[in-house]
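So the structure is just underneath, and the comments pick up after that.
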2 protein chains.
Amino acid sequence: MRQFINTKETLVTEAIDGMLRTAGGRLARLDGYPHIKVVLRTDWDRSKVALVSGGGSGHEPSHAGFVGQGMLAAAVCGDIFASPSVDAVLAGILAVTGKAGCLLIVKNYTGDRLNFGLAAERARAQGLKVNMVVVDDDVALPDLPQARGVAGTLFVHKIAGALADQGADLDTVTAAALQVIRGVASIGMSLDTCTVPGSPKEDRISPGKAELGLGIHGEAGIEQVEFSTARDAMTMVVDRLAPSMGPGPHVALLNNLGSTTPLEMSVLAEELARSRIGERIRWLVGPAPMMTSLDMRGFSVSLLPVTPVEEAALAAPVAPWAWPGCLPVGPVAVVPLPDGLAPIKPIPSRNDTTRALIDRCCRILIGAEADLNALDSKSGDGDTGSTLATAARALIGALDRLPLADHTQLYRAIGLELSQTMGGSSGVLLAIFFSAVGDASAAGQDPIGSLKAGLDRIQQVGGARPGDRTLLDALVPALEALPAGLDAAARAAREGADATARITRARAGRASYLAEANLAGHNDPGAEAVARLLEALARNEATGAS
Amino acid sequence: MRQFINTKETLVTEAIDGMLRTAGGRLARLDGYPHIKVVLRTDWDRSKVALVSGGGSGHEPSHAGFVGQGMLAAAVCGDIFASPSVDAVLAGILAVTGKAGCLLIVKNYTGDRLNFGLAAERARAQGLKVNMVVVDDDVALPDLPQARGVAGTLFVHKIAGALADQGADLDTVTAAALQVIRGVASIGMSLDTCTVPGSPKEDRISPGKAELGLGIHGEAGIEQVEFSTARDAMTMVVDRLAPSMGPGPHVALLNNLGSTTPLEMSVLAEELARSRIGERIRWLVGPAPMMTSLDMRGFSVSLLPVTPVEEAALAAPVAPWAWPGCLPVGPVAVVPLPDGLAPIKPIPSRNDTTRALIDRCCRILIGAEADLNALDSKSGDGDTGSTLATAARALIGALDRLPLADHTQLYRAIGLELSQTMGGSSGVLLAIFFSAVGDASAAGQDPIGSLKAGLDRIQQVGGARPGDRTLLDALVPALEALPAGLDAAARAAREGADATARITRARAGRASYLAEANLAGHNDPGAEAVARLLEALARNEATGAS
């Protein structure tokens, strides 16, 4: 079993109950399980023409998903791909039909025609007005008069449903349904067959092939075609549909046959709009799963020429969520990019002390490249040293264009440089750090407060905390100790960095994916870099070197 | 390629354009393809707090499908499973953020945190108010502080979206988002991995197994478990979620991870409602695809404890169709079966002539059993004779309870008997024929007119026409000739039946599936039965036998 079901015998009744439980009280079922599976509106008063549809299950949301104001009054559900019985259909008719009568909307399959047909006879013998229309929209076999009923049935539900909801009489509703049936044409294409619960999957379609003109019950397509791209697929479908198009504007219904992804369906919508009939398609229903074939990886397109009456009926709001709406097809609306994407270029300024400090920091990191790489190779991909050294070299090269005399702008400018020159998440994190320090400085914080604000921000964005075996384990204690002087900060950083060698469970960053044995006994390279930087700066300060 | 795409490089931009074309003008995109893929509202005036979300593509309808009034102001889309760039996020923020500020809703993945985080910094440097929240609802690994963000993100979009739409300020909206993030817990289960376009599918999950606690990027689940039924699957999911539940009522979000069928999702909804936590779930969002993982055959459940404020925010209507609503979970509403399902029992009456005629017809058909079976075996399964003979024997057995003296009731009663005793489509069609004849007779038609009405009805229901190689080819001409006497009718039936041997392209019924060679040279067994019946009756009449 590769399906989320309990047994195939209880599949349909359990699924209907699951749907009803979560329908917000809008739907009910008849008390006829397991033989009679009829879903009906709880807000239905029989004062208008009742639309009843149904057929085998496995096509969800058809048909029970379309029961509700503006569409069906009831849906009669058979077992998977099996017509419901005469009794079940009759129960559905009797449960919703009042003096205004009932229209049965049946897809063109022998079992459905006969069972719905006989149920209609029985209902008529009880004095009810019952009409029946048979939908045969599939153009896969153009010379077969017994064309199948497929997703074009939804147009009948929606247009007849809107008229019935507006209070039209049975003859008017029936005539509208027949008008739709005469005009609608559909065809499907699939890259894989469906999986019938309890049956092995038929492996009929080879990779590189597609079936064109297939039905919704796993029947083979009329032909297997070469499949290459979505564009070619839609071209083939359009070529089959174009001869059936009437004059004037059309509405298209783009149906997901089951497990085609939303991404693919959107690409197909784009290809339909770009196709040679795209200009003639004024409205689109979908893309959405409306008349599925279990998990079939395919789609179908249905086309209907529309008059203003039908356009209005298609656009009328309905209660069933499964109806995706009928929306105008138009060009892609494109909005210009906003201003401000290009970073504000800082105005360069001189400050020799600051310049010397930055240069010194960069050279310390460049000098530590090999050691840090070696350390990183024990728990990562061995490039921490090179990543920092590359960024340091770039920063040295940028010194002439940095706003060295304005600390607030300088922090932001360093962040910007790092985000543009330093790869990996550490580059982004350091960029965020310096940007946030700049923001805090701009807001009036003192240097240590600003540095702390930067630390807070990278903890929020990066998700790491002290103790997680990251550079925070050196940086946080160093910043705490900084008011006592650079020497104290360097000692605190060293203690913090050395402590990371005892943290064997990393909780953030790449090291979190490693086993404990790989982490024990050596320092985190990021923390080590911080410690080395501060130690070297402290030595410099002590010796007075610059 | 087993997907409806053109190239994997253009997949996301083409899909976005396809979605925009059919969004009824409600959505637009920034002019930044291919690097910057931002979908935004066209009806957004920046007067309220802007919600911006996004991340890698492949999770549709997340996030672009949730852009619209009451949810997101913009979605920033990366490539498949890849975080969007800092520039793309910044473009999204700048495009929709006004004085009220912006809330970034980010799923807890390093790339997203960093890129959204740095973009937020850049936007702040331009003076914009930007907050960022990180959703980490996945409880698959309860002791990992860096939990992933999965479908629970939708609760944040919806609740924060409703508050923002009502005009709440940035701090209030952010606080509500954080409250949701603290409360929400999610876990997923799948029977198969997803197929990343352009990559071979990983065949990691064997039949009979499921992955529990998997992510939405194809990463392996925390464990592989035995899979048997939907009930067991939901029990395992509930067992993982239950420890995270807070007190009081909860809302559940039942998410389709990709290609689980609607039937299965409804069964899972039923199992969730029946589970040990079912009583504590007051509301349900879905089942629907909301945060998918391409075509993954799986589902996830997210749970959130709710206060009346959150209930109201979840229930507020929104523009995006992809949001399936938040509906109360309740018992299955069951309506009693309607009266009238049991057929009206006819009141028996005597008429010796009618009785003799029916008896004679039945015996003629019983006598033709072997011949008709032999004929049918050439184009079908060889049971036409037996089917008719069985029905004839049953009708003889029913003679005592038929209303023989009332022709109208008699037709209906024969129809009822046939529908209950005669199998196959021919039984239903004859039942429909006699019922319709009875209806026409009740409406005042003369016998021949009534019989013609019956013929019309079975042509409508059965879909066959004269010339289609069915019993109509004998019955229709016979009825035309009947005013001239039984003998003329019999001759017409014989001519019609014999003509079917020359119809080599059947257009209806089972024979329509057969090749021409199988049909040429022998009569259709149904038409032959009609001819034999009328010929024998005519001989009887001529000889005066009864």
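Naming works like this for the structure tokens: A, B, ... for the chains as they're shown, residue 1 at the start of each chain, ligands 1 onward in shown order.
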
Residue contacts of stretch 251-268 of chain A (8 Å, only C-alpha atoms) excluding same-chain residues fewer than 3 positions away, as a PDB file with N, CA, C and O atoms, in the first residue's frame:
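Saved the output as around-v4.pdb:
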ATOM      1  N   ALA A 151     -13.461  16.944 -17.995  1.00  0.00           N
ATOM      2  CA  ALA A 151     -13.496  18.127 -17.128  1.00  0.00           C
ATOM      3  C   ALA A 151     -14.427  19.230 -17.601  1.00  0.00           C
ATOM      4  O   ALA A 151     -14.798  20.113 -16.817  1.00  0.00           O
ATOM      5  N   GLY A 152     -14.823  19.216 -18.882  1.00  0.00           N
ATOM      6  CA  GLY A 152     -15.771  20.215 -19.363  1.00  0.00           C
ATOM      7  C   GLY A 152     -17.085  20.181 -18.607  1.00  0.00           C
ATOM      8  O   GLY A 152     -17.851  21.149 -18.625  1.00  0.00           O
ATOM      9  N   ILE A 216     -10.304   9.602 -17.865  1.00  0.00           N
ATOM     10  CA  ILE A 216     -10.085   9.901 -16.454  1.00  0.00           C
ATOM     11  C   ILE A 216     -10.240   8.659 -15.589  1.00  0.00           C
ATOM     12  O   ILE A 216     -10.421   8.740 -14.386  1.00  0.00           O
ATOM     13  N   ALA A 230       7.038  21.444 -21.776  1.00  0.00           N
ATOM     14  CA  ALA A 230       5.671  21.908 -21.524  1.00  0.00           C
ATOM     15  C   ALA A 230       5.117  22.624 -22.752  1.00  0.00           C
ATOM     16  O   ALA A 230       3.932  22.510 -23.077  1.00  0.00           O
ATOM     17  N   ARG A 231       5.992  23.359 -23.444  1.00  0.00           N
ATOM     18  CA  ARG A 231       5.519  24.098 -24.611  1.00  0.00           C
ATOM     19  C   ARG A 231       5.045  23.142 -25.710  1.00  0.00           C
ATOM     20  O   ARG A 231       3.972  23.331 -26.278  1.00  0.00           O
ATOM     21  N   MET A 234       1.722  21.540 -24.683  1.00  0.00           N
ATOM     22  CA  MET A 234       0.556  22.416 -24.855  1.00  0.00           C
ATOM     23  C   MET A 234       0.252  22.625 -26.336  1.00  0.00           C
ATOM     24  O   MET A 234      -0.916  22.728 -26.716  1.00  0.00           O
ATOM     25  N   GLU A 271       1.948  28.672 -21.003  1.00  0.00           N
ATOM     26  CA  GLU A 271       2.051  28.177 -22.380  1.00  0.00           C
ATOM     27  C   GLU A 271       0.714  28.258 -23.109  1.00  0.00           C
ATOM     28  O   GLU A 271       0.665  28.546 -24.298  1.00  0.00           O
ATOM     29  N   LEU A 272      -0.364  28.018 -22.379  1.00  0.00           N
ATOM     30  CA  LEU A 272      -1.686  28.146 -22.999  1.00  0.00           C
ATOM     31  C   LEU A 272      -1.930  29.593 -23.423  1.00  0.00           C
ATOM     32  O   LEU A 272      -2.408  29.866 -24.539  1.00  0.00           O
ATOM     33  N   ILE A 281      -8.591  33.272 -25.838  1.00  0.00           N
ATOM     34  CA  ILE A 281      -9.025  32.851 -24.500  1.00  0.00           C
ATOM     35  C   ILE A 281      -9.150  34.082 -23.619  1.00  0.00           C
ATOM     36  O   ILE A 281      -8.164  34.709 -23.255  1.00  0.00           O
ATOM     37  N   ARG A 282     -10.388  34.442 -23.296  1.00  0.00           N
ATOM     38  CA  ARG A 282     -10.613  35.658 -22.523  1.00  0.00           C
ATOM     39  C   ARG A 282     -10.604  35.377 -21.028  1.00  0.00           C
ATOM     40  O   ARG A 282     -10.240  36.227 -20.237  1.00  0.00           O
ATOM     41  N   TRP A 283     -11.043  34.177 -20.659  1.00  0.00           N
ATOM     42  CA  TRP A 283     -11.154  33.825 -19.238  1.00  0.00           C
ATOM     43  C   TRP A 283     -10.470  32.489 -18.993  1.00  0.00           C
ATOM     44  O   TRP A 283     -10.447  31.630 -19.873  1.00  0.00           O
ATOM     45  N   LEU A 284     -10.016  32.307 -17.760  1.00  0.00           N
ATOM     46  CA  LEU A 284      -9.447  31.011 -17.396  1.00  0.00           C
ATOM     47  C   LEU A 284     -10.005  30.559 -16.048  1.00  0.00           C
ATOM     48  O   LEU A 284     -10.085  31.336 -15.101  1.00  0.00           O
ATOM     49  N   VAL A 285     -10.395  29.293 -16.004  1.00  0.00           N
ATOM     50  CA  VAL A 285     -10.747  28.641 -14.741  1.00  0.00           C
ATOM     51  C   VAL A 285      -9.552  27.758 -14.377  1.00  0.00           C
ATOM     52  O   VAL A 285      -9.190  26.866 -15.135  1.00  0.00           O
ATOM     53  N   GLY A 286      -8.946  28.023 -13.240  1.00  0.00           N
ATOM     54  CA  GLY A 286      -7.771  27.269 -12.832  1.00  0.00           C
ATOM     55  C   GLY A 286      -6.499  28.031 -13.127  1.00  0.00           C
ATOM     56  O   GLY A 286      -6.544  29.235 -13.345  1.00  0.00           O
ATOM     57  N   PRO A 287      -5.360  27.349 -13.192  1.00  0.00           N
ATOM     58  CA  PRO A 287      -5.199  25.905 -13.054  1.00  0.00           C
ATOM     59  C   PRO A 287      -5.524  25.414 -11.634  1.00  0.00           C
ATOM     60  O   PRO A 287      -5.160  26.068 -10.660  1.00  0.00           O
ATOM     61  N   ALA A 288      -6.184  24.279 -11.579  1.00  0.00           N
ATOM     62  CA  ALA A 288      -6.558  23.676 -10.297  1.00  0.00           C
ATOM     63  C   ALA A 288      -7.010  22.240 -10.558  1.00  0.00           C
ATOM     64  O   ALA A 288      -7.415  21.915 -11.674  1.00  0.00           O
ATOM     65  N   PRO A 289      -6.940  21.408  -9.537  1.00  0.00           N
ATOM     66  CA  PRO A 289      -7.525  20.070  -9.684  1.00  0.00           C
ATOM     67  C   PRO A 289      -9.036  20.182  -9.588  1.00  0.00           C
ATOM     68  O   PRO A 289      -9.557  20.683  -8.600  1.00  0.00           O
ATOM     69  N   MET A 290      -9.730  19.807 -10.644  1.00  0.00           N
ATOM     70  CA  MET A 290     -11.197  19.892 -10.629  1.00  0.00           C
ATOM     71  C   MET A 290     -11.815  18.538 -10.966  1.00  0.00           C
ATOM     72  O   MET A 290     -12.722  18.072 -10.304  1.00  0.00           O
ATOM     73  N   MET A 291     -11.298  17.914 -12.035  1.00  0.00           N
ATOM     74  CA  MET A 291     -11.784  16.569 -12.411  1.00  0.00           C
ATOM     75  C   MET A 291     -10.539  15.691 -12.533  1.00  0.00           C
ATOM     76  O   MET A 291      -9.934  15.606 -13.592  1.00  0.00           O
ATOM     77  N   THR A 292     -10.151  15.104 -11.414  1.00  0.00           N
ATOM     78  CA  THR A 292      -8.890  14.374 -11.381  1.00  0.00           C
ATOM     79  C   THR A 292      -9.091  12.905 -11.736  1.00  0.00           C
ATOM     80  O   THR A 292     -10.213  12.420 -11.879  1.00  0.00           O
ATOM     81  N   SER A 293      -7.991  12.232 -11.899  1.00  0.00           N
ATOM     82  CA  SER A 293      -7.996  10.787 -12.089  1.00  0.00           C
ATOM     83  C   SER A 293      -7.000  10.236 -11.078  1.00  0.00           C
ATOM     84  O   SER A 293      -5.865   9.925 -11.415  1.00  0.00           O
ATOM     85  N   LEU A 294      -7.434  10.216  -9.813  1.00  0.00           N
ATOM     86  CA  LEU A 294      -6.586   9.809  -8.692  1.00  0.00           C
ATOM     87  C   LEU A 294      -5.269  10.591  -8.730  1.00  0.00           C
ATOM     88  O   LEU A 294      -5.304  11.806  -8.703  1.00  0.00           O
ATOM     89  N   ASP A 295      -4.131   9.897  -8.854  1.00  0.00           N
ATOM     90  CA  ASP A 295      -2.840  10.600  -8.782  1.00  0.00           C
ATOM     91  C   ASP A 295      -2.199  10.763 -10.150  1.00  0.00           C
ATOM     92  O   ASP A 295      -0.977  10.829 -10.255  1.00  0.00           O
ATOM     93  N   MET A 296      -2.989  10.854 -11.198  1.00  0.00           N
ATOM     94  CA  MET A 296      -2.415  10.934 -12.543  1.00  0.00           C
ATOM     95  C   MET A 296      -1.590  12.217 -12.718  1.00  0.00           C
ATOM     96  O   MET A 296      -2.025  13.305 -12.370  1.00  0.00           O
ATOM     97  N   ARG A 297      -0.413  12.049 -13.283  1.00  0.00           N
ATOM     98  CA  ARG A 297       0.468  13.194 -13.510  1.00  0.00           C
ATOM     99  C   ARG A 297       0.147  13.762 -14.894  1.00  0.00           C
ATOM    100  O   ARG A 297       0.844  13.502 -15.867  1.00  0.00           O
ATOM    101  N   GLY A 298      -0.925  14.490 -14.972  1.00  0.00           N
ATOM    102  CA  GLY A 298      -1.360  15.011 -16.255  1.00  0.00           C
ATOM    103  C   GLY A 298      -2.237  16.225 -16.080  1.00  0.00           C
ATOM    104  O   GLY A 298      -2.471  16.702 -14.967  1.00  0.00           O
ATOM    105  N   PHE A 299      -2.713  16.718 -17.196  1.00  0.00           N
ATOM    106  CA  PHE A 299      -3.580  17.899 -17.175  1.00  0.00           C
ATOM    107  C   PHE A 299      -4.562  17.773 -18.317  1.00  0.00           C
ATOM    108  O   PHE A 299      -4.376  16.977 -19.241  1.00  0.00           O
ATOM    109  N   SER A 300      -5.626  18.557 -18.271  1.00  0.00           N
ATOM    110  CA  SER A 300      -6.522  18.645 -19.417  1.00  0.00           C
ATOM    111  C   SER A 300      -6.912  20.096 -19.615  1.00  0.00           C
ATOM    112  O   SER A 300      -6.872  20.900 -18.681  1.00  0.00           O
ATOM    113  N   VAL A 301      -7.248  20.407 -20.859  1.00  0.00           N
ATOM    114  CA  VAL A 301      -7.727  21.744 -21.198  1.00  0.00           C
ATOM    115  C   VAL A 301      -9.120  21.586 -21.789  1.00  0.00           C
ATOM    116  O   VAL A 301      -9.348  20.723 -22.645  1.00  0.00           O
ATOM    117  N   SER A 302     -10.054  22.382 -21.301  1.00  0.00           N
ATOM    118  CA  SER A 302     -11.405  22.427 -21.859  1.00  0.00           C
ATOM    119  C   SER A 302     -11.658  23.834 -22.372  1.00  0.00           C
ATOM    120  O   SER A 302     -11.262  24.807 -21.721  1.00  0.00           O
ATOM    121  N   LEU A 303     -12.294  23.929 -23.511  1.00  0.00           N
ATOM    122  CA  LEU A 303     -12.578  25.233 -24.112  1.00  0.00           C
ATOM    123  C   LEU A 303     -14.070  25.373 -24.366  1.00  0.00           C
ATOM    124  O   LEU A 303     -14.723  24.437 -24.815  1.00  0.00           O
ATOM    125  N   LEU A 304     -14.583  26.567 -24.106  1.00  0.00           N
ATOM    126  CA  LEU A 304     -16.000  26.842 -24.319  1.00  0.00           C
ATOM    127  C   LEU A 304     -16.156  28.242 -24.888  1.00  0.00           C
ATOM    128  O   LEU A 304     -15.653  29.203 -24.298  1.00  0.00           O
ATOM    129  N   PRO A 305     -16.843  28.364 -26.045  1.00  0.00           N
ATOM    130  CA  PRO A 305     -17.149  29.724 -26.514  1.00  0.00           C
ATOM    131  C   PRO A 305     -18.201  30.336 -25.589  1.00  0.00           C
ATOM    132  O   PRO A 305     -19.129  29.647 -25.166  1.00  0.00           O
ATOM    133  N   VAL A 306     -18.039  31.598 -25.268  1.00  0.00           N
ATOM    134  CA  VAL A 306     -18.940  32.196 -24.284  1.00  0.00           C
ATOM    135  C   VAL A 306     -19.594  33.466 -24.780  1.00  0.00           C
ATOM    136  O   VAL A 306     -18.982  34.269 -25.483  1.00  0.00           O
TER     137      VAL A 306
ATOM    138  N   GLN B   3       8.322  15.856 -16.272  1.00  0.00           N
ATOM    139  CA  GLN B   3       7.588  16.984 -15.713  1.00  0.00           C
ATOM    140  C   GLN B   3       7.190  17.942 -16.825  1.00  0.00           C
ATOM    141  O   GLN B   3       7.907  18.056 -17.826  1.00  0.00           O
ATOM    142  N   PHE B   4       6.077  18.622 -16.599  1.00  0.00           N
ATOM    143  CA  PHE B   4       5.616  19.596 -17.586  1.00  0.00           C
ATOM    144  C   PHE B   4       6.358  20.914 -17.382  1.00  0.00           C
ATOM    145  O   PHE B   4       5.802  21.881 -16.858  1.00  0.00           O
ATOM    146  N   ILE B   5       7.628  20.938 -17.776  1.00  0.00           N
ATOM    147  CA  ILE B   5       8.396  22.171 -17.689  1.00  0.00           C
ATOM    148  C   ILE B   5       9.137  22.352 -19.010  1.00  0.00           C
ATOM    149  O   ILE B   5       9.156  21.438 -19.848  1.00  0.00           O
ATOM    150  N   LEU B  11      11.992  27.530 -15.168  1.00  0.00           N
ATOM    151  CA  LEU B  11      10.787  26.989 -14.535  1.00  0.00           C
ATOM    152  C   LEU B  11      10.095  28.002 -13.623  1.00  0.00           C
ATOM    153  O   LEU B  11       8.891  28.251 -13.740  1.00  0.00           O
ATOM    154  N   VAL B  12      10.856  28.607 -12.717  1.00  0.00           N
ATOM    155  CA  VAL B  12      10.214  29.458 -11.706  1.00  0.00           C
ATOM    156  C   VAL B  12       9.663  30.740 -12.336  1.00  0.00           C
ATOM    157  O   VAL B  12       8.534  31.145 -12.035  1.00  0.00           O
ATOM    158  N   GLU B  14       8.717  31.240 -15.449  1.00  0.00           N
ATOM    159  CA  GLU B  14       7.550  30.937 -16.284  1.00  0.00           C
ATOM    160  C   GLU B  14       6.327  30.617 -15.430  1.00  0.00           C
ATOM    161  O   GLU B  14       5.195  30.992 -15.763  1.00  0.00           O
ATOM    162  N   ALA B  15       6.565  29.909 -14.326  1.00  0.00           N
ATOM    163  CA  ALA B  15       5.437  29.580 -13.445  1.00  0.00           C
ATOM    164  C   ALA B  15       4.859  30.840 -12.815  1.00  0.00           C
ATOM    165  O   ALA B  15       3.637  30.995 -12.718  1.00  0.00           O
ATOM    166  N   ILE B  16       5.717  31.741 -12.386  1.00  0.00           N
ATOM    167  CA  ILE B  16       5.216  32.993 -11.802  1.00  0.00           C
ATOM    168  C   ILE B  16       4.416  33.771 -12.847  1.00  0.00           C
ATOM    169  O   ILE B  16       3.315  34.261 -12.568  1.00  0.00           O
ATOM    170  N   ASP B  17       4.942  33.863 -14.062  1.00  0.00           N
ATOM    171  CA  ASP B  17       4.205  34.587 -15.099  1.00  0.00           C
ATOM    172  C   ASP B  17       2.859  33.927 -15.385  1.00  0.00           C
ATOM    173  O   ASP B  17       1.845  34.613 -15.576  1.00  0.00           O
ATOM    174  N   GLY B  18       2.847  32.588 -15.422  1.00  0.00           N
ATOM    175  CA  GLY B  18       1.577  31.890 -15.648  1.00  0.00           C
ATOM    176  C   GLY B  18       0.575  32.211 -14.554  1.00  0.00           C
ATOM    177  O   GLY B  18      -0.619  32.402 -14.814  1.00  0.00           O
ATOM    178  N   MET B  19       1.055  32.293 -13.328  1.00  0.00           N
ATOM    179  CA  MET B  19       0.165  32.618 -12.221  1.00  0.00           C
ATOM    180  C   MET B  19      -0.339  34.052 -12.326  1.00  0.00           C
ATOM    181  O   MET B  19      -1.519  34.334 -12.093  1.00  0.00           O
ATOM    182  N   GLY B  58       9.167  25.742  -5.089  1.00  0.00           N
ATOM    183  CA  GLY B  58       8.922  24.308  -4.948  1.00  0.00           C
ATOM    184  C   GLY B  58       7.948  23.992  -3.830  1.00  0.00           C
ATOM    185  O   GLY B  58       7.659  22.829  -3.566  1.00  0.00           O
ATOM    186  N   GLU B  60       4.836  25.638  -3.653  1.00  0.00           N
ATOM    187  CA  GLU B  60       3.619  26.310  -4.079  1.00  0.00           C
ATOM    188  C   GLU B  60       2.385  25.597  -3.516  1.00  0.00           C
ATOM    189  O   GLU B  60       2.387  24.366  -3.444  1.00  0.00           O
ATOM    190  N   PRO B  61       1.344  26.335  -3.154  1.00  0.00           N
ATOM    191  CA  PRO B  61       1.134  27.765  -3.385  1.00  0.00           C
ATOM    192  C   PRO B  61       1.988  28.692  -2.516  1.00  0.00           C
ATOM    193  O   PRO B  61       1.915  29.893  -2.728  1.00  0.00           O
ATOM    194  N   GLY B 258       2.089  17.475  -1.564  1.00  0.00           N
ATOM    195  CA  GLY B 258       2.285  17.489  -3.013  1.00  0.00           C
ATOM    196  C   GLY B 258       1.259  16.639  -3.730  1.00  0.00           C
ATOM    197  O   GLY B 258       0.214  17.130  -4.104  1.00  0.00           O
ATOM    198  N   SER B 259       1.540  15.344  -3.864  1.00  0.00           N
ATOM    199  CA  SER B 259       0.689  14.553  -4.744  1.00  0.00           C
ATOM    200  C   SER B 259      -0.147  13.520  -4.007  1.00  0.00           C
ATOM    201  O   SER B 259      -0.553  12.531  -4.599  1.00  0.00           O
ATOM    202  N   THR B 260      -0.435  13.756  -2.751  1.00  0.00           N
ATOM    203  CA  THR B 260      -1.426  12.934  -2.082  1.00  0.00           C
ATOM    204  C   THR B 260      -2.790  13.279  -2.689  1.00  0.00           C
ATOM    205  O   THR B 260      -3.076  14.447  -2.907  1.00  0.00           O
ATOM    206  N   THR B 261      -3.618  12.275  -2.993  1.00  0.00           N
ATOM    207  CA  THR B 261      -4.888  12.580  -3.661  1.00  0.00           C
ATOM    208  C   THR B 261      -5.876  13.213  -2.674  1.00  0.00           C
ATOM    209  O   THR B 261      -5.769  13.010  -1.464  1.00  0.00           O
ATOM    210  N   LEU B 294       7.257  20.027  -3.835  1.00  0.00           N
ATOM    211  CA  LEU B 294       7.094  19.553  -5.214  1.00  0.00           C
ATOM    212  C   LEU B 294       6.034  18.456  -5.254  1.00  0.00           C
ATOM    213  O   LEU B 294       4.906  18.713  -4.868  1.00  0.00           O
ATOM    214  N   ASP B 295       6.387  17.236  -5.697  1.00  0.00           N
ATOM    215  CA  ASP B 295       5.375  16.194  -5.869  1.00  0.00           C
ATOM    216  C   ASP B 295       5.404  15.158  -4.757  1.00  0.00           C
ATOM    217  O   ASP B 295       5.032  14.014  -4.965  1.00  0.00           O
TER     218      ASP B 295
END

Nearby residues (only C-alpha atoms) at most 10 Å from B:Ser244, same-chain spacing under 3 positions excluded, as a PyMOL selection string: chain B and resi 139+142+183-186+239-241+247+303-305

So that I have them on file, write out the residues from the current selection with N, CA and C atoms, as an mmCIF file, in the first residue's frame.
data_model
loop_
_atom_site.group_PDB
_atom_site.id
_atom_site.type_symbol
_atom_site.label_atom_id
_atom_site.label_comp_id
_atom_site.auth_asym_id
_atom_site.auth_seq_id
_atom_site.Cartn_x
_atom_site.Cartn_y
_atom_site.Cartn_z
ATOM 1 N N VAL B 139 8.569 19.818 14.811
ATOM 2 C CA VAL B 139 8.932 19.148 16.062
ATOM 3 C C VAL B 139 9.564 17.782 15.816
ATOM 4 N N PRO B 142 12.833 17.039 18.619
ATOM 5 C CA PRO B 142 12.408 17.937 19.706
ATOM 6 C C PRO B 142 13.564 18.589 20.451
ATOM 7 N N GLY B 183 3.617 28.993 19.786
ATOM 8 C CA GLY B 183 2.606 27.959 20.043
ATOM 9 C C GLY B 183 2.534 26.850 19.010
ATOM 10 N N VAL B 184 2.985 27.112 17.801
ATOM 11 C CA VAL B 184 2.682 26.172 16.716
ATOM 12 C C VAL B 184 3.676 25.018 16.680
ATOM 13 N N ALA B 185 3.152 23.840 16.353
ATOM 14 C CA ALA B 185 3.979 22.637 16.218
ATOM 15 C C ALA B 185 3.510 21.864 14.985
ATOM 16 N N SER B 186 4.466 21.371 14.213
ATOM 17 C CA SER B 186 4.138 20.661 12.964
ATOM 18 C C SER B 186 4.989 19.410 12.834
ATOM 19 N N ASP B 239 0.937 11.260 17.915
ATOM 20 C CA ASP B 239 1.796 10.968 19.070
ATOM 21 C C ASP B 239 2.976 11.932 19.155
ATOM 22 N N ARG B 240 3.472 12.363 18.006
ATOM 23 C CA ARG B 240 4.580 13.316 18.033
ATOM 24 C C ARG B 240 4.124 14.721 18.387
ATOM 25 N N LEU B 241 2.885 15.043 17.984
ATOM 26 C CA LEU B 241 2.407 16.413 18.189
ATOM 27 C C LEU B 241 1.824 16.629 19.579
ATOM 28 N N PRO B 247 -2.820 24.110 26.475
ATOM 29 C CA PRO B 247 -4.174 23.870 26.974
ATOM 30 C C PRO B 247 -5.208 24.504 26.046
ATOM 31 N N LEU B 303 -0.393 22.220 14.515
ATOM 32 C CA LEU B 303 -1.362 22.503 15.574
ATOM 33 C C LEU B 303 -1.011 23.816 16.255
ATOM 34 N N LEU B 304 -2.051 24.589 16.567
ATOM 35 C CA LEU B 304 -1.846 25.874 17.230
ATOM 36 C C LEU B 304 -2.954 26.067 18.267
ATOM 37 N N PRO B 305 -2.568 26.333 19.524
ATOM 38 C CA PRO B 305 -3.608 26.689 20.499
ATOM 39 C C PRO B 305 -4.142 28.075 20.157
#

Which of B:Gly467, B:Pro331, B:Gly218, B:Pro200 sits closest to A:Arg29 [using only C-alpha atoms]: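 Looking at the shortest contact to A:Arg29, the residue is B:Pro331.
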
Neighbour list for stretch 168-171 of chain B as an MDAnalysis selection string, cut-off 10 Å, only C-alpha atoms, skip fewer than 2 positions in-chain: chainID B and resid 48:51 99:103 129:131 160:166 173:177

Separation of atom CA of A:Ser206 from atom CA of B:Leu191, in Å and rounded to one decimal: 22.5 Å
